[in-house]
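Peer 1: Sending over data-v8.cif (mmCIF, C-alpha atoms).
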data_coords
loop_
_atom_site.label_atom_id
_atom_site.label_comp_id
_atom_site.auth_asym_id
_atom_site.auth_seq_id
_atom_site.Cartn_x
_atom_site.Cartn_y
_atom_site.Cartn_z
CA MET A 1164 0.00 0.00 0.00
CA ASP A 1165 1.46 3.37 -0.95
CA ARG A 1166 1.88 6.15 1.59
CA ASN A 1167 -1.00 8.26 0.19
CA LYS A 1168 -3.41 5.35 0.61
CA SER A 1169 -2.11 4.59 4.12
CA PHE A 1170 -2.52 8.22 5.13
CA GLN A 1171 -6.03 8.34 3.66
CA ASN A 1172 -7.04 5.18 5.52
CA LEU A 1173 -5.82 6.63 8.81
CA ILE A 1174 -7.64 9.93 8.24
CA ASN A 1175 -10.97 8.53 7.02
CA ASP A 1176 -12.19 7.33 10.43
CA ARG A 1177 -11.11 10.55 12.14
CA GLU A 1178 -12.52 13.27 9.88
CA ASP A 1179 -15.39 14.31 12.16
CA LYS A 1180 -13.19 14.35 15.25
CA LEU A 1181 -10.52 16.40 13.45
CA TYR A 1182 -13.08 18.88 12.15
CA ARG A 1183 -14.46 19.36 15.67
CA ILE A 1184 -10.97 20.05 16.97
CA ALA A 1185 -10.32 22.63 14.25
CA PHE A 1186 -13.73 24.23 14.78
CA SER A 1187 -13.19 24.50 18.52
CA TYR A 1188 -10.09 26.60 17.85
CA VAL A 1189 -11.16 28.83 14.96
CA ARG A 1190 -14.94 28.83 15.65
CA ASN A 1191 -15.91 29.19 12.03
CA LYS A 1192 -16.92 26.42 9.62
CA GLU A 1193 -14.96 27.72 6.63
CA ASP A 1194 -11.83 28.46 8.67
CA ALA A 1195 -12.05 25.04 10.33
CA LEU A 1196 -12.22 23.36 6.93
CA ASP A 1197 -9.30 25.48 5.67
CA CYS A 1198 -7.20 24.58 8.70
CA LEU A 1199 -8.07 20.92 8.36
CA GLN A 1200 -7.13 20.94 4.68
CA SER A 1201 -3.81 22.68 5.43
CA ALA A 1202 -3.08 20.23 8.23
CA LEU A 1203 -3.86 17.31 5.92
CA LEU A 1204 -1.37 18.62 3.37
CA LYS A 1205 1.27 19.17 6.06
CA GLY A 1206 0.59 15.72 7.48
CA LEU A 1207 0.85 14.04 4.10
CA ASP A 1208 4.10 15.87 3.35
CA SER A 1209 5.67 14.69 6.59
CA PHE A 1210 3.92 11.31 6.87
CA ASP A 1211 7.21 9.52 6.18
CA THR A 1212 8.59 10.88 9.47
CA LEU A 1213 5.95 9.01 11.50
CA ARG A 1214 7.69 5.88 12.74
CA ASP A 1215 4.85 4.21 14.62
CA TYR A 1216 1.27 4.38 13.33
CA ASN A 1217 0.04 3.86 16.92
CA TYR A 1218 0.95 7.52 17.53
CA PHE A 1219 -0.83 8.81 14.44
CA ASP A 1220 -3.59 10.53 16.43
CA THR A 1221 -1.29 12.48 18.72
CA TRP A 1222 1.08 13.28 15.84
CA PHE A 1223 -1.64 14.56 13.52
CA ILE A 1224 -3.65 16.38 16.19
CA ARG A 1225 -0.50 18.29 17.11
CA ILE A 1226 -0.13 19.31 13.43
CA LEU A 1227 -3.81 20.34 13.32
CA ILE A 1228 -3.66 22.36 16.53
CA ASN A 1229 -0.51 24.15 15.40
CA THR A 1230 -2.14 24.91 12.05
CA CYS A 1231 -5.19 26.35 13.82
CA LEU A 1232 -3.04 28.44 16.14
CA ASP A 1233 -1.06 29.76 13.16
CA HIS A 1234 -4.32 30.60 11.42
CA ILE A 1235 -5.60 32.49 14.45
CA LYS A 1236 -2.31 34.35 14.77
CA ASP A 1237 -2.26 35.23 11.06
CA ARG A 1238 -5.85 36.41 10.98
CA SER A 1239 -5.77 38.08 14.40
CA VAL A 1240 -9.52 37.77 14.53
CA ASP A 1241 -11.39 37.12 17.75
CA LEU A 1242 -14.95 36.12 16.99
CA PRO A 1243 -17.51 37.13 19.55
CA LEU A 1244 -18.55 34.20 21.66
CA GLU A 1245 -22.16 34.43 20.51
CA GLU A 1246 -21.17 33.58 16.90
CA SER A 1247 -19.71 30.26 17.99
CA LEU A 1248 -22.79 29.01 19.83
CA ASN A 1249 -26.13 27.72 18.66
CA ALA A 1250 -29.20 26.38 20.43
CA SER A 1251 -28.20 22.73 20.05
CA ASP A 1252 -24.83 23.35 21.71
CA VAL A 1253 -26.32 24.80 24.87
CA GLN A 1254 -29.69 23.47 25.93
CA ARG A 1255 -29.86 24.66 29.52
CA ASP A 1256 -28.14 27.13 31.79
CA PHE A 1257 -27.07 29.34 28.92
CA GLU A 1258 -25.66 32.01 31.17
CA GLY A 1259 -23.59 29.54 33.20
CA VAL A 1260 -22.19 27.93 30.07
CA THR A 1261 -21.48 31.34 28.55
CA ASP A 1262 -19.63 32.42 31.68
CA LEU A 1263 -17.60 29.22 31.62
CA LEU A 1264 -16.71 29.62 27.95
CA ARG A 1265 -15.73 33.25 28.49
CA SER A 1266 -13.56 32.20 31.41
CA ILE A 1267 -11.89 29.54 29.26
CA GLU A 1268 -11.30 32.13 26.53
CA GLY A 1269 -9.51 34.26 29.12
CA LEU A 1270 -6.99 31.51 29.81
CA GLN A 1271 -3.60 31.28 28.15
CA LYS A 1272 -3.53 29.19 24.94
CA GLU A 1273 -1.72 26.31 26.66
CA GLU A 1274 -4.30 26.28 29.47
CA GLN A 1275 -7.16 26.33 26.94
CA GLU A 1276 -5.57 23.42 25.10
CA ILE A 1277 -5.27 21.23 28.18
CA ILE A 1278 -8.90 21.94 29.19
CA PHE A 1279 -10.08 21.28 25.64
CA LEU A 1280 -8.23 17.96 25.36
CA LYS A 1281 -9.36 16.74 28.78
CA TYR A 1282 -12.98 17.85 28.98
CA PHE A 1283 -14.12 18.44 25.40
CA MET A 1284 -12.23 15.63 23.66
CA GLY A 1285 -12.22 13.22 26.61
CA TYR A 1286 -8.50 12.49 26.46
CA LYS A 1287 -6.83 10.66 29.31
CA ASN A 1288 -3.91 12.35 31.05
CA GLU A 1289 -1.46 10.04 29.25
CA GLU A 1290 -2.91 11.03 25.85
CA ILE A 1291 -2.68 14.71 26.76
CA SER A 1292 0.91 14.10 27.81
CA GLU A 1293 1.74 12.63 24.42
CA THR A 1294 -0.13 15.32 22.49
CA MET A 1295 1.38 18.25 24.38
CA HIS A 1296 4.82 16.62 24.79
CA ILE A 1297 4.86 17.03 28.57
CA LYS A 1298 5.03 14.57 31.48
CA THR A 1299 1.85 13.04 32.86
CA GLY A 1300 2.54 14.56 36.28
CA THR A 1301 2.80 17.97 34.63
CA VAL A 1302 -0.59 17.38 32.97
CA LYS A 1303 -2.16 16.63 36.36
CA SER A 1304 -0.66 19.67 38.07
CA ARG A 1305 -1.58 22.00 35.18
CA LEU A 1306 -5.14 20.67 35.13
CA ASN A 1307 -5.48 21.26 38.87
CA ARG A 1308 -4.06 24.77 38.56
CA VAL A 1309 -6.32 25.65 35.61
CA ILE A 1310 -9.42 24.26 37.33
CA ARG A 1311 -8.66 26.32 40.46
CA LYS A 1312 -8.20 29.38 38.24
CA LEU A 1313 -11.56 28.76 36.52
CA ARG A 1314 -13.35 28.23 39.85
CA ALA A 1315 -11.94 31.50 41.15
CA LYS A 1316 -13.12 33.35 38.03
CA LEU A 1317 -16.60 31.84 38.20
CA SER A 1318 -17.20 32.35 41.93
#
If you took the structure in this file and wrote it as structure tokens, what would it be?
Peer 2:
Amino acid sequence: MDRNKSFQNLINDREDKLYRIAFSYVRNKEDALDCLQSALLKGLDSFDTLRDYNYFDTWFIRILINTCLDHIKDRSVDLPLEESLNASDVQRDFEGVTDLLRSIEGLQKEEQEIIFLKYFMGYKNEEISETMHIKTGTVKSRLNRVIRKLRAKLS
């Protein structure tokens, strides 16, 4: 099987998950699709550097996140929070959810990333460790620190 076909097979089952990751960063359908397409091209170009396919998810998600962050930096556009939400996303306690999302937006990018991976994507601490290239103990301490910071903001 050639490398293009291998890459395509690995991506096919993950398209929805990858789109949601991109959308959570750029908060715009078109920008999310652009970032995903750019990340796919970058991933395909450097696919030969991936030694173990078991780490494909963490490897590619890191490429996608970096692409989204570059896009945000290049565009320097902060969308208002209201443009990123719709009725199906928030069914109850709209104000509480809005406050939480605003508090998360106020965090540093690295803090937002760790919260996103843990609570929005459901990653285990070990997976976050691999994705962010930090030790598992560091993941735990950062999560605790960020949670305390969010609680303080919300109380």
Peer 1: Applied to the shown file, which residues does the PyMOL selection byres ((chain A and resi 1313-1318) around 9) return, written as a ChimeraX atom specification?
Peer 2: /A:1259,1262-1263,1266-1267,1270,1308-1312
Peer 1: Work out how far atom CA of Thr1221 of chain A is from atom CA of Leu1203 of chain A, in Å to one decimal.
Peer 2: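 About the pair atom CA of Leu1203 of chain A and atom CA of Thr1221 of chain A: they are 13.9 Å apart.
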Peer 1: Please evaluate the PyMOL selection byres ((chain A and resi 1168-1172) around 12) against the displayed coordinates and give the resulting residues as number ranges by chain.
Peer 2: A: 1164-1167, 1173-1178, 1203-1211, 1213, 1216, 1219-1220, 1223
Peer 1: Go through A:Ile1226, A:Ile1277, A:His1234, A:Glu1268 one by one, measure the shortest atom-to-atom distance of each to Asn1191 of chain A using only C-alpha atoms, and give the residue with the smallest value.
Peer 2: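 The closest residue to Asn1191 of chain A is A:His1234.
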Peer 1: Provide the atom CA of Ser1304 of chain A to atom CA of Asp1233 of chain A distance in Å, to one decimal place.
Peer 2: 26.9 Å
Peer 1: Near Arg1238 of chain A, counting all atoms listed in the file, which residues have an atom at most 12 Å away, once you skip same-chain residues fewer than 5 positions from it, shown as a VMD selection string?
Peer 2: chain A and resid 1189 1194 1231 to 1233
Peer 1: For a test of reading the model, state the distance in Å between atom CA of Ile1184 of chain A and atom CA of Arg1214 of chain A, rounded to one decimal.
Peer 2: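 A separation of 23.8 Å between them.
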Peer 1: Determine the residue membership of the PyMOL selection byres ((chain A and resi 1182) around 9) for the file above and supply it as a list in words.
Peer 2: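 Against this file, the PyMOL selection byres ((chain A and resi 1182) around 9) returns the residues Arg1177, Glu1178, Asp1179, Lys1180, Leu1181, Arg1183, Ile1184, Ala1185, Phe1186, Ser1187, Lys1192, Ala1195, Leu1196, Cys1198 and Leu1199 of chain A.
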